[in-house]
Amino acid sequence: MQWILAATEQPPDWFIAAVKQYTPASSGLYAAQLLWQRGIQDSQQLAAFVNYQTYQPASSFEFGEEMHLAVARLQQARNLGEKVAIWGDFDADGITSTAVLWDGLGQFFQQHTQLTYYIPNRLRESHGLNNSGIENLAKQNFKLIVTCDTGSTNIDEIIYAKQLGIDVIVTDHHTLPAQRPPVTAIINPRYLASVHPLFHLSGVAVAYKLVEALYQTLPNVPQDALENLLDLVAVGLIADLVQLKGDCRYLAQLGIQRLQADFKQPPTARRRPGVGRLLELCQKSGDRPTDISFGLGPRINAVSRIQGDASFCVDLLTSRDAKHCNQLAEETELANTRRKSLQKDVQAQVAQKLIQLDLSTTSVIVLEDPQWPAGVLGLVAGQVAQETGRPTILLSTELAGEHTSTALSKQENRGASEELTLLSSNSATPVATTEGTSATHWLLSTQHSALVLARGSARSINSVDLYQLVKDQAHLLHRFGGHPYAAGLSLPVENIPLFTQAINQQLRQSLGSTELLPTVQADLKVTVADLGKELFLELKLLEPCGMGNPVPKLLIQNCWFENAWHRNQQDWQGKKVQYIKTDFDIRDDSTKNPFPGVWWGHYKDELPVCKSDCIVELDYNSFKKRYEIRLIAVRPSSNSELNQQHSTQILDWRNLPTPNSPLPTPLLILDECPTSWDELRIWWQRSLYNHQQLALAWSKPHLQPPQDIWLTLVGIAKYLSRTNQLVSRTQLLDKLSIGNQSLLLGIKALKYCGFIVTRQDLYLQISQNSQKISPHLVDTAVTQFLAAVSEEQFQQQYFSEVPLSTIVALVNRPLN
């Protein structure tokens with residue numbers, strides 16, 4: 001594993017002093033360094049980041065006309081006494097979204113009679129709408145469906161609902177279709193600019209904004225305070241690993257306070273007794289974001305993994321019946337216990353198979369076993385990818401039939417986030433999810449006869465675009481879907497050897513000489529003497545942590561471990577779970593006092609017996625009432641040379657004005673956002689050859705919706721054909737803000753739309769043709785152009801936010 005220590009930049013004295021106002025018990029230096037590194041660099045930003053009371057949240061009606069349409073349709077349903085159905089999803093974001101709408105809309109519609117909810121079965125159905133469920137609602141005379149955390153791309157199902165007399169309001173945060181779906185309203189932050197404070201909302205936060213708009217429109221109707229929904233919003237936001245920026249951070253801060261306040265009540269007085277009991281079972285108190293990411297989130301997700309049907313989780317989160325909620329919480333805990341055991345079993349079997357692989361010649365790990373349960377394969381694949389530094393695909397064989405064709409469907413496309421929530425608790429590096437931001441593709445099999453399929457999950461590392469890797473082998477697959485970090489797929493068993501060979505060859509060719517190694521970045525260097533309450537409270541200033549603001553990683557050098565012991569975890573009934581945790585004390589020469597720590601999923605014998613370096617996270621264990629470290633990575637001190645050399649040769653000026661201060665060495669400035677790692681490597685090699693520092697100076701792109709870009713291109717073509725003017729390729733690229741490949745597909749689509757494009761030296765001439773072209777060919781060509789632009793924009797978005805540590809690790813051969 002490659003270790004990287006983040007290049008620390010000393011913040012100005014005025015900034016350290018400003019931070020210290022929020023950390024009176026300590027110097028504030030560590031927090032100031034982290035905040036400065038993470039782009040919080042002025043007093044106004046600092047105040048809004050730290051103190052939610054100074055933050056001005058965005059109005060729900062910033063969703064524009066769509067929100068007005070949604071509220072109007074809900075008012076109509078209320079006035080006419082129509083029946084309304086909430087259509088949710090089975091992961092933590094989907095369950096909490098459903099619960100928010102159930103409680104929120106329940107203030108305006110009679111629950112159980114006028115209002116109901118539906119959660120698809122994970123093992124029998126997919127994410128999103130399905131026709132059989134819609135038919136069932138139509139038979140019960142429902143006239144309106146409100147989706148949450150799903151539905152944006154369910155075009156066919158939305159049309160089918162309309163045919164049955166059911167209107168659909170979509171609330172979602174995933175991939176947008178090329179054209180607005182035929183819905184009454186669609187509330188999706190992906191329609192907003194990427195810099196908008198609502199852009200990163202998860203499904204539960206979008207659902208909350210709808211309820212908020214209804215509360216504001218009909219203020220005299222609700223009997224319950226809107227703020228009482230915020231604890232559910234915090235659970236969904238943090239469990240879904242969205243970027244906690246803007247309103248996301250604000251809502252999470254408010255929600256965690258609500259969660260903590262309710263837990264402090266006597267069990268019989270709690271507003272959400274089910275949440276309280278679940279926190280008790282996982283030995284948490286609700287006051288930390290990690291209580292959600294390591295406690296509540298995985299448990300809610302475990303229910304559908306083990307049982308398929310997670311509908312009762314909505315009752316668990318919303319019921320006021322303490323006895324009933326206790327039973328549901330205990331059932332949820334047992335499902336999570338079962339998930340842990342299954343995951344541990346599969347991990348052990350995968351480890352045995354890994355021994356037989358030569359990792360020096362393996363770029364993508366592909367393993368298969370007929371007995372592996374599909375529900376935990378994504379979790380294990382992610383862990384293997386983290387530990388080996390290689391994309392990992394785990395497959396389980398089954399007989400294709402009705403179950404396969406319905407259950408796989410769109411399930412793996414956007415169901416990875418709940419798995420990544422679990423992985424982030426033990427991973428060496430933060431696990432990112434770009435769910436819903438990139439192109440998605442499904443290959444539908446034309447074979448109707450039964451065949452033996454392998455079905456499974458894939459997880460990636462660092463910069464490897466797993467979706468593209470899998471997509472390029474589509475001819476070997478039965479179905480697939482996903483995004484750059486996670487994918488789901490099925491393929492005939494006989495294709496596995498060829499698929500394995502092809503995908504490995506493809507990645508080797510794209511990486512060139514770059515080695516695949518897992519990386520972990522430390523943010524700060526500390527000693528054991530630094531650990532404790534003061535440092536914890538200082539670092540707590542950054543909470544809630546999440547995507548774009550990860551939990552601080554601390555490097556401790558020349559330390560050693562004492563009093564190490566491991567044991568199996570126990571469930572709430574006292575039964576052992578096959579899931580190991582090692583407890584230890586850590587010491588170094590800075591103090592005579594040891595400090596406690598834990599290492600999840602590892603045995604005590606794995607700790608080095610010599611002086612070591614380790615990377616840890618500092619935490620507070622509310623169950624044991626103590627501060628402790630969570631061990632992330634460890635190695636003997638003899639290997640402690642950290643890769644700082646190259647990190648200091650790359651300056652991260654992204655999204656910042658270029659400094660004017662003189663620098664001791666000439667700079668090579670890259671001010672245009674790259675769209676591939678190969679392009680970035682070329683610049684890196686050029687800087688090394690010329691003995692220059694490389695400054696990454698591009699800004700976050702202001703992206704137009706692909707559909708608008710297409711309309712602009714058509715408008716340009718019409719104007720040029722009418723005026724007989726010429727245009728250069730560069731002019732088109734600049735005007736449209738797209739790349740060469742997208743432009744070529746755009747020109748191809750223009751030809752299908754009746755334009756003639758000819759070349760004259762360095763210019764293009766565009767004229768119109770009256771020849772009739774098949775509408776199908778036009779639609780296909782335009783769809784290809786829109787998909788290419790979407791993929792290109794995703795890459796631009798990715799490179800504007802990817803951590804510098806990942807860039808350093810990927811552009812050069814790691815130091816040994």
# chains A, B, ... in the order shown; residues from 1 in each chain; ligands from 1
>>> residues_around(residues="Ala193 in chain A", least_positions_apart="4", cutoff="8 Å", atoms="only C-alpha atoms", output="PyMOL selection string")
chain A and resi 199+702-703
>>> select_by_dssp(residues="range 69-284 of chain A", states="helix (DSSP H, G or I)", output="ChimeraX atom specification")
/A:69-80,92-105,131-139,155-163,189-191,203-217,226-239,246-263,267-269,273-281
>>> write_last_selection(atoms="C-alpha atoms", output="mmCIF file, in the first residue's frame")
data_model
loop_
_atom_site.group_PDB
_atom_site.id
_atom_site.type_symbol
_atom_site.label_atom_id
_atom_site.label_comp_id
_atom_site.auth_asym_id
_atom_site.auth_seq_id
_atom_site.Cartn_x
_atom_site.Cartn_y
_atom_site.Cartn_z
ATOM 1 C CA LEU A 69 -46.415 22.083 -10.367
ATOM 2 C CA ALA A 70 -45.805 19.446 -7.702
ATOM 3 C CA VAL A 71 -47.383 21.497 -4.929
ATOM 4 C CA ALA A 72 -50.376 22.383 -7.096
ATOM 5 C CA ARG A 73 -51.006 18.704 -7.935
ATOM 6 C CA LEU A 74 -50.789 17.715 -4.273
ATOM 7 C CA GLN A 75 -53.235 20.485 -3.391
ATOM 8 C CA GLN A 76 -55.569 19.190 -6.089
ATOM 9 C CA ALA A 77 -55.348 15.655 -4.695
ATOM 10 C CA ARG A 78 -56.102 16.968 -1.202
ATOM 11 C CA ASN A 79 -59.062 19.022 -2.385
ATOM 12 C CA LEU A 80 -60.558 16.155 -4.424
ATOM 13 C CA ALA A 92 -31.121 3.837 3.528
ATOM 14 C CA ASP A 93 -31.670 6.970 1.436
ATOM 15 C CA GLY A 94 -34.799 5.482 -0.120
ATOM 16 C CA ILE A 95 -36.220 4.255 3.201
ATOM 17 C CA THR A 96 -35.651 7.598 4.937
ATOM 18 C CA SER A 97 -37.064 9.427 1.888
ATOM 19 C CA THR A 98 -40.219 7.342 2.135
ATOM 20 C CA ALA A 99 -40.415 7.977 5.872
ATOM 21 C CA VAL A 100 -40.079 11.756 5.366
ATOM 22 C CA LEU A 101 -42.913 11.766 2.820
ATOM 23 C CA TRP A 102 -44.997 9.412 4.966
ATOM 24 C CA ASP A 103 -44.723 11.718 7.995
ATOM 25 C CA GLY A 104 -44.695 14.957 5.954
ATOM 26 C CA LEU A 105 -47.517 14.279 3.493
ATOM 27 C CA ASN A 131 -45.625 -1.994 -14.153
ATOM 28 C CA SER A 132 -47.001 -4.658 -11.819
ATOM 29 C CA GLY A 133 -46.841 -2.316 -8.834
ATOM 30 C CA ILE A 134 -48.459 0.467 -10.854
ATOM 31 C CA GLU A 135 -51.260 -1.892 -11.931
ATOM 32 C CA ASN A 136 -51.885 -2.827 -8.307
ATOM 33 C CA LEU A 137 -52.182 0.836 -7.319
ATOM 34 C CA ALA A 138 -54.536 1.513 -10.222
ATOM 35 C CA LYS A 139 -56.810 -1.307 -9.067
ATOM 36 C CA ILE A 155 -40.010 6.717 -18.853
ATOM 37 C CA ASP A 156 -41.932 3.622 -19.952
ATOM 38 C CA GLU A 157 -43.404 3.041 -16.509
ATOM 39 C CA ILE A 158 -44.448 6.701 -16.196
ATOM 40 C CA ILE A 159 -46.230 6.490 -19.559
ATOM 41 C CA TYR A 160 -47.917 3.279 -18.418
ATOM 42 C CA ALA A 161 -49.113 4.939 -15.201
ATOM 43 C CA LYS A 162 -50.555 7.804 -17.237
ATOM 44 C CA GLN A 163 -52.440 5.306 -19.403
ATOM 45 C CA PRO A 189 -31.273 18.823 -8.246
ATOM 46 C CA ARG A 190 -29.356 17.568 -11.297
ATOM 47 C CA TYR A 191 -31.321 20.153 -13.280
ATOM 48 C CA GLY A 203 -33.124 11.604 -2.207
ATOM 49 C CA VAL A 204 -34.254 12.218 1.374
ATOM 50 C CA ALA A 205 -33.297 15.906 1.203
ATOM 51 C CA VAL A 206 -35.223 16.363 -2.064
ATOM 52 C CA ALA A 207 -38.272 14.727 -0.454
ATOM 53 C CA TYR A 208 -37.896 17.080 2.510
ATOM 54 C CA LYS A 209 -37.818 20.097 0.190
ATOM 55 C CA LEU A 210 -41.137 19.017 -1.340
ATOM 56 C CA VAL A 211 -42.704 18.720 2.096
ATOM 57 C CA GLU A 212 -41.191 22.088 3.049
ATOM 58 C CA ALA A 213 -42.801 23.714 -0.007
ATOM 59 C CA LEU A 214 -46.176 22.207 0.895
ATOM 60 C CA TYR A 215 -45.830 23.441 4.489
ATOM 61 C CA GLN A 216 -45.100 26.944 3.213
ATOM 62 C CA THR A 217 -48.061 26.856 0.799
ATOM 63 C CA LEU A 226 -41.518 20.570 9.822
ATOM 64 C CA GLU A 227 -38.231 20.461 11.760
ATOM 65 C CA ASN A 228 -39.235 17.123 13.290
ATOM 66 C CA LEU A 229 -38.350 15.495 9.958
ATOM 67 C CA LEU A 230 -34.739 16.640 10.062
ATOM 68 C CA ASP A 231 -33.377 13.658 12.003
ATOM 69 C CA LEU A 232 -34.555 11.371 9.190
ATOM 70 C CA VAL A 233 -32.996 13.740 6.650
ATOM 71 C CA ALA A 234 -29.618 13.524 8.410
ATOM 72 C CA VAL A 235 -29.730 9.720 8.425
ATOM 73 C CA GLY A 236 -30.413 9.527 4.689
ATOM 74 C CA LEU A 237 -27.924 12.237 3.753
ATOM 75 C CA ILE A 238 -24.989 10.737 5.642
ATOM 76 C CA ALA A 239 -25.824 7.124 4.770
ATOM 77 C CA GLY A 246 -24.295 23.808 0.873
ATOM 78 C CA ASP A 247 -27.751 22.810 2.071
ATOM 79 C CA CYS A 248 -26.651 19.185 2.492
ATOM 80 C CA ARG A 249 -24.253 20.157 5.269
ATOM 81 C CA TYR A 250 -26.783 22.542 6.804
ATOM 82 C CA LEU A 251 -29.559 19.923 6.912
ATOM 83 C CA ALA A 252 -27.184 17.269 8.282
ATOM 84 C CA GLN A 253 -26.022 19.597 11.063
ATOM 85 C CA LEU A 254 -29.605 20.364 12.101
ATOM 86 C CA GLY A 255 -30.656 16.729 11.796
ATOM 87 C CA ILE A 256 -27.865 15.337 13.963
ATOM 88 C CA GLN A 257 -28.887 17.756 16.714
ATOM 89 C CA ARG A 258 -32.469 16.466 16.490
ATOM 90 C CA LEU A 259 -31.255 12.863 16.527
ATOM 91 C CA GLN A 260 -29.129 13.437 19.625
ATOM 92 C CA ALA A 261 -31.834 15.388 21.494
ATOM 93 C CA ASP A 262 -34.435 12.667 20.906
ATOM 94 C CA PHE A 263 -32.062 9.906 22.050
ATOM 95 C CA PRO A 267 -37.267 5.553 25.837
ATOM 96 C CA THR A 268 -41.015 5.952 26.439
ATOM 97 C CA ALA A 269 -40.862 9.698 25.645
ATOM 98 C CA PRO A 273 -38.503 5.041 19.589
ATOM 99 C CA GLY A 274 -37.412 2.781 16.732
ATOM 100 C CA VAL A 275 -34.401 4.949 15.933
ATOM 101 C CA GLY A 276 -33.552 5.180 19.628
ATOM 102 C CA ARG A 277 -33.680 1.409 20.098
ATOM 103 C CA LEU A 278 -31.597 0.833 16.984
ATOM 104 C CA LEU A 279 -28.961 3.257 18.312
ATOM 105 C CA GLU A 280 -28.945 1.347 21.613
ATOM 106 C CA LEU A 281 -28.462 -1.938 19.819
#
>>> residues_around(residues="Val757 in chain A", least_positions_apart="5", cutoff="12 Å", atoms="only C-alpha atoms", output="VMD selection string")
chain A and resid 717 to 718 720 to 721 724 726 to 729 744 746 to 752 763 to 769
>>> closest_residue(among="A:Asn121, A:Gln327, A:Gln283, A:Gln371", to="Gln307 in chain A", atoms="only C-alpha atoms")
A:Asn121
>>> residues_around(residues="range 503-509 of chain A", least_positions_apart="2", cutoff="9 Å", atoms="only C-alpha atoms", output="PyMOL selection string")
chain A and resi 362-365+464+469-470+472-473+498-501+511-514
>>> atom_distance(atom1="CA of Arg299 in chain A", atom2="CA of Ala487 in chain A")
22.2 Å
>>> atom_distance(atom1="CA of Thr783 in chain A", atom2="CA of His173 in chain A")
21.1 Å
>>> residues_around(residues="Lys553 in chain A", least_positions_apart="4", cutoff="10 Å", atoms="only C-alpha atoms", output="list in words")
Leu5, Ala6, Ala428, Thr429, Val520, Gln521, Ala522, Asp523, Leu524, Lys525, Cys614, Ile615, Val616, Glu617, Leu618, Arg630, Leu631 and Ile632 of chain A
>>> write_last_selection(atoms="N, CA and C atoms", output="PDB file, in the first residue's frame")
ATOM      1  N   LEU A   5       1.379  11.624   2.510  1.00  0.00           N
ATOM      2  CA  LEU A   5       1.092  12.659   3.491  1.00  0.00           C
ATOM      3  C   LEU A   5       0.737  13.928   2.736  1.00  0.00           C
ATOM      4  N   ALA A   6      -0.462  14.435   2.989  1.00  0.00           N
ATOM      5  CA  ALA A   6      -0.922  15.634   2.288  1.00  0.00           C
ATOM      6  C   ALA A   6       0.055  16.784   2.508  1.00  0.00           C
ATOM      7  N   ALA A 428      -9.200   2.154   3.747  1.00  0.00           N
ATOM      8  CA  ALA A 428      -8.013   2.964   3.952  1.00  0.00           C
ATOM      9  C   ALA A 428      -8.174   4.346   3.367  1.00  0.00           C
ATOM     10  N   THR A 429      -8.973   4.459   2.332  1.00  0.00           N
ATOM     11  CA  THR A 429      -9.216   5.762   1.720  1.00  0.00           C
ATOM     12  C   THR A 429     -10.703   5.970   1.604  1.00  0.00           C
ATOM     13  N   VAL A 520      -3.372   5.362   0.623  1.00  0.00           N
ATOM     14  CA  VAL A 520      -4.034   5.969   1.768  1.00  0.00           C
ATOM     15  C   VAL A 520      -3.331   7.292   2.053  1.00  0.00           C
ATOM     16  N   GLN A 521      -4.108   8.316   2.295  1.00  0.00           N
ATOM     17  CA  GLN A 521      -3.538   9.638   2.540  1.00  0.00           C
ATOM     18  C   GLN A 521      -3.740  10.044   3.990  1.00  0.00           C
ATOM     19  N   ALA A 522      -2.665  10.525   4.614  1.00  0.00           N
ATOM     20  CA  ALA A 522      -2.755  11.127   5.937  1.00  0.00           C
ATOM     21  C   ALA A 522      -2.848  12.636   5.782  1.00  0.00           C
ATOM     22  N   ASP A 523      -3.703  13.249   6.578  1.00  0.00           N
ATOM     23  CA  ASP A 523      -3.899  14.698   6.491  1.00  0.00           C
ATOM     24  C   ASP A 523      -2.959  15.468   7.413  1.00  0.00           C
ATOM     25  N   LEU A 524      -2.694  14.880   8.593  1.00  0.00           N
ATOM     26  CA  LEU A 524      -1.887  15.568   9.605  1.00  0.00           C
ATOM     27  C   LEU A 524      -0.952  14.576  10.277  1.00  0.00           C
ATOM     28  N   LYS A 525       0.205  15.061  10.728  1.00  0.00           N
ATOM     29  CA  LYS A 525       1.137  14.248  11.501  1.00  0.00           C
ATOM     30  C   LYS A 525       1.009  14.635  12.973  1.00  0.00           C
ATOM     31  N   CYS A 614       1.457   4.382  11.716  1.00  0.00           N
ATOM     32  CA  CYS A 614       0.062   4.031  11.467  1.00  0.00           C
ATOM     33  C   CYS A 614      -0.720   5.277  11.081  1.00  0.00           C
ATOM     34  N   ILE A 615      -1.806   5.041  10.390  1.00  0.00           N
ATOM     35  CA  ILE A 615      -2.748   6.089  10.020  1.00  0.00           C
ATOM     36  C   ILE A 615      -4.064   5.763  10.710  1.00  0.00           C
ATOM     37  N   VAL A 616      -4.614   6.755  11.432  1.00  0.00           N
ATOM     38  CA  VAL A 616      -5.763   6.500  12.284  1.00  0.00           C
ATOM     39  C   VAL A 616      -6.786   7.627  12.142  1.00  0.00           C
ATOM     40  N   GLU A 617      -7.977   7.370  12.652  1.00  0.00           N
ATOM     41  CA  GLU A 617      -9.010   8.388  12.834  1.00  0.00           C
ATOM     42  C   GLU A 617      -9.307   8.493  14.323  1.00  0.00           C
ATOM     43  N   LEU A 618      -9.446   9.701  14.817  1.00  0.00           N
ATOM     44  CA  LEU A 618      -9.744   9.925  16.234  1.00  0.00           C
ATOM     45  C   LEU A 618     -11.253   9.981  16.426  1.00  0.00           C
ATOM     46  N   ARG A 630      -9.331   4.825  15.680  1.00  0.00           N
ATOM     47  CA  ARG A 630      -9.734   3.735  14.796  1.00  0.00           C
ATOM     48  C   ARG A 630      -8.592   3.539  13.804  1.00  0.00           C
ATOM     49  N   LEU A 631      -7.953   2.372  13.852  1.00  0.00           N
ATOM     50  CA  LEU A 631      -6.784   2.098  13.018  1.00  0.00           C
ATOM     51  C   LEU A 631      -7.213   1.885  11.566  1.00  0.00           C
ATOM     52  N   ILE A 632      -6.562   2.606  10.661  1.00  0.00           N
ATOM     53  CA  ILE A 632      -6.880   2.511   9.233  1.00  0.00           C
ATOM     54  C   ILE A 632      -5.803   1.729   8.487  1.00  0.00           C
TER      55      ILE A 632
END
>>> decode(residues="range 40-78 of chain A", atoms="C-alpha atoms", output="PDB file, in the first residue's frame")
ATOM      1  CA  ILE A  40     -12.342  27.201   3.446  1.00  0.00           C
ATOM      2  CA  GLN A  41     -10.172  30.309   3.199  1.00  0.00           C
ATOM      3  CA  ASP A  42     -12.134  33.382   4.271  1.00  0.00           C
ATOM      4  CA  SER A  43     -14.114  34.453   7.336  1.00  0.00           C
ATOM      5  CA  GLN A  44     -17.511  34.255   5.656  1.00  0.00           C
ATOM      6  CA  GLN A  45     -16.902  30.711   4.401  1.00  0.00           C
ATOM      7  CA  LEU A  46     -15.624  29.685   7.813  1.00  0.00           C
ATOM      8  CA  ALA A  47     -18.661  31.044   9.647  1.00  0.00           C
ATOM      9  CA  ALA A  48     -21.132  29.373   7.273  1.00  0.00           C
ATOM     10  CA  PHE A  49     -19.196  26.075   7.447  1.00  0.00           C
ATOM     11  CA  VAL A  50     -18.895  25.898  11.221  1.00  0.00           C
ATOM     12  CA  ASN A  51     -22.049  27.600  12.485  1.00  0.00           C
ATOM     13  CA  TYR A  52     -25.279  26.527  10.782  1.00  0.00           C
ATOM     14  CA  GLN A  53     -27.045  29.533  12.312  1.00  0.00           C
ATOM     15  CA  THR A  54     -25.114  31.851   9.986  1.00  0.00           C
ATOM     16  CA  TYR A  55     -25.981  29.760   6.909  1.00  0.00           C
ATOM     17  CA  GLN A  56     -28.848  30.902   4.696  1.00  0.00           C
ATOM     18  CA  PRO A  57     -30.540  27.825   3.215  1.00  0.00           C
ATOM     19  CA  ALA A  58     -31.974  27.896  -0.274  1.00  0.00           C
ATOM     20  CA  SER A  59     -35.730  28.091  -0.778  1.00  0.00           C
ATOM     21  CA  SER A  60     -37.570  24.964  -1.888  1.00  0.00           C
ATOM     22  CA  PHE A  61     -38.994  27.025  -4.734  1.00  0.00           C
ATOM     23  CA  GLU A  62     -35.521  27.403  -6.262  1.00  0.00           C
ATOM     24  CA  PHE A  63     -36.520  24.214  -8.054  1.00  0.00           C
ATOM     25  CA  GLY A  64     -38.669  26.624 -10.059  1.00  0.00           C
ATOM     26  CA  GLU A  65     -41.764  25.711 -11.985  1.00  0.00           C
ATOM     27  CA  GLU A  66     -41.385  22.002 -11.199  1.00  0.00           C
ATOM     28  CA  MET A  67     -41.897  22.619  -7.482  1.00  0.00           C
ATOM     29  CA  HIS A  68     -44.923  24.832  -8.164  1.00  0.00           C
ATOM     30  CA  LEU A  69     -46.415  22.083 -10.367  1.00  0.00           C
ATOM     31  CA  ALA A  70     -45.805  19.446  -7.702  1.00  0.00           C
ATOM     32  CA  VAL A  71     -47.383  21.497  -4.929  1.00  0.00           C
ATOM     33  CA  ALA A  72     -50.376  22.383  -7.096  1.00  0.00           C
ATOM     34  CA  ARG A  73     -51.006  18.704  -7.935  1.00  0.00           C
ATOM     35  CA  LEU A  74     -50.789  17.715  -4.273  1.00  0.00           C
ATOM     36  CA  GLN A  75     -53.235  20.485  -3.391  1.00  0.00           C
ATOM     37  CA  GLN A  76     -55.569  19.190  -6.089  1.00  0.00           C
ATOM     38  CA  ALA A  77     -55.348  15.655  -4.695  1.00  0.00           C
ATOM     39  CA  ARG A  78     -56.102  16.968  -1.202  1.00  0.00           C
TER      40      ARG A  78
END
